[in-house]
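Student: Starting off with a structure, shown below.
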Amino acid sequence: MARTAAQQTTRTWSEVRPQRKTAIPEGLWLRCPACGKMVYRRHLEANLHVCPECDFHHRISAAERVAQLADPESFQEMFSELAPADPLGFRDLKTYKDRLLAEQIKTGNRDAVKAGRCFIKGRETMLVCLDLTFMMGSMGSVVGETITRTIEEATRNNLPLVIVSCSGGARMQESGLSLMQMAKTSAALARYDQKGGLFLSVLTDPTTGGVTASFAMLGDVILAEPNALIGFAGPRVIQQTIRQELPEGFQRSEFLKKTGLVDRVVHRNQLRNEIARVIDYAGK
């Protein structure tokens, strides 16, 4: 029997477990958005989703990021039972509930984050990866709560913490509730720091808005992928506010390294090595 419209909007999570595992479009070939050349899909995947022609770092999902960073079969996901709600009854062109359901079907995730315990080149670590494929990796209550719980788990077990940011910022559909996550995650990091924890923040393209304005820039060591867009507001808003010409590429990782906001710009194929090296330097 066909479902009614009302029944369709109240499907359970088990009914919408998805199909898709990757952010890269289906097909044998794809066009690199940076150099415009056609790239064989399997070559791109084997190269960690970095264009073999121009070295452009393609955006990837949280699942792909975990697979690239964690030692094989070492990742133990945590807090995956947390699911988003709609306490504000938010609606724009469509309801927030419908948006969430569509994103869950598309990505197979409950929300825009994946977190857990793993080993990175043999170093036990708490790992969080934001997922740009789910509502642009925006930080709502579930993302903030997952990050906070992961920080607290790292604090209890004296483990290094790695957070890979890839986000459009705070989620507007949750209004003030999403902004509260900025304070909550930052407070948890302050407690972690007081206990002597090591926090490695990895910034990828893009890292913007409330994520940049909170935990992403609080790392003891801040790494960034090449040419990643990193900032709070967009360049047009900044230019209109300060009424000055802005330097070219001022929100890219290489520029931020020159100004001291980023410690190192690290190619994706060296990210595992660099994280392990920093953990060893810190004696964790």
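Simple scheme: letters A, B, ... for chains in structure tokens order, numbers from 1 for residues in each chain, numbers from 1 for ligands in the order shown.
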How would you write, as a PyMOL selection string, the set of residues in stretch 27-257 of chain A that DSSP gives as strand (DSSP E or B)?

Tutor: chain A and resi 29-31+38-40+50+57+76-77+91+95+113-120+123-130+139+161-167+170+199-207+221-224+229-230+252

Student: Quick one: everything within 6 Å of A:Leu132, counting only C-alpha atoms, minus sequence neighbours fewer than 3 positions away in the same chain. Send it as a PyMOL selection string.

Tutor: chain A and resi 136-137+166-167

Student: Create the file for the chosen residues now, containing C-alpha atoms and written as a PDB file, in the first residue's frame.

Tutor:
```pdb
ATOM      1  CA  MET A 136      27.580  21.721   4.413  1.00  0.00           C
ATOM      2  CA  GLY A 137      28.990  20.281   7.624  1.00  0.00           C
ATOM      3  CA  CYS A 166      35.097  21.035   7.193  1.00  0.00           C
ATOM      4  CA  SER A 167      32.063  23.232   7.675  1.00  0.00           C
TER       5      SER A 167
END
```

Student: What's around A:Lys114 at 7 Å? Count only C-alpha atoms, leave out sequence neighbours fewer than 5 positions away in its own chain, and write the answer as a ChimeraX atom specification.

Tutor: /A:62,128-130

Student: I need the residues in stretch 134-197 of chain A that are alpha helix (DSSP H) according to DSSP; give them as an NGL selection string.

Tutor: :A and (141-157 or 175-194)

Student: Considering only C-alpha atoms, return as JSON, numbers by chain whatever protein or nucleic-acid residues lie within 8 Å of A:Ala170, sequence-local ones (same chain, fewer than 4 positions apart) excluded.

Tutor: {"A": [138, 139, 140, 178, 179, 209, 210, 211]}

Student: Write the selection just made, keeping C-alpha atoms, as a PDB file, in the first residue's frame?

Tutor:
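Generated file (out_23.pdb):
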```pdb
ATOM      1  CA  SER A 138      27.033  22.851   9.615  1.00  0.00           C
ATOM      2  CA  MET A 139      27.234  22.699  13.407  1.00  0.00           C
ATOM      3  CA  GLY A 140      23.931  22.092  15.116  1.00  0.00           C
ATOM      4  CA  SER A 178      23.590  26.126  17.295  1.00  0.00           C
ATOM      5  CA  LEU A 179      25.440  29.213  18.555  1.00  0.00           C
ATOM      6  CA  GLY A 209      31.620  30.708  10.361  1.00  0.00           C
ATOM      7  CA  GLY A 210      30.974  29.564  13.917  1.00  0.00           C
ATOM      8  CA  VAL A 211      33.264  26.545  13.584  1.00  0.00           C
TER       9      VAL A 211
END
```
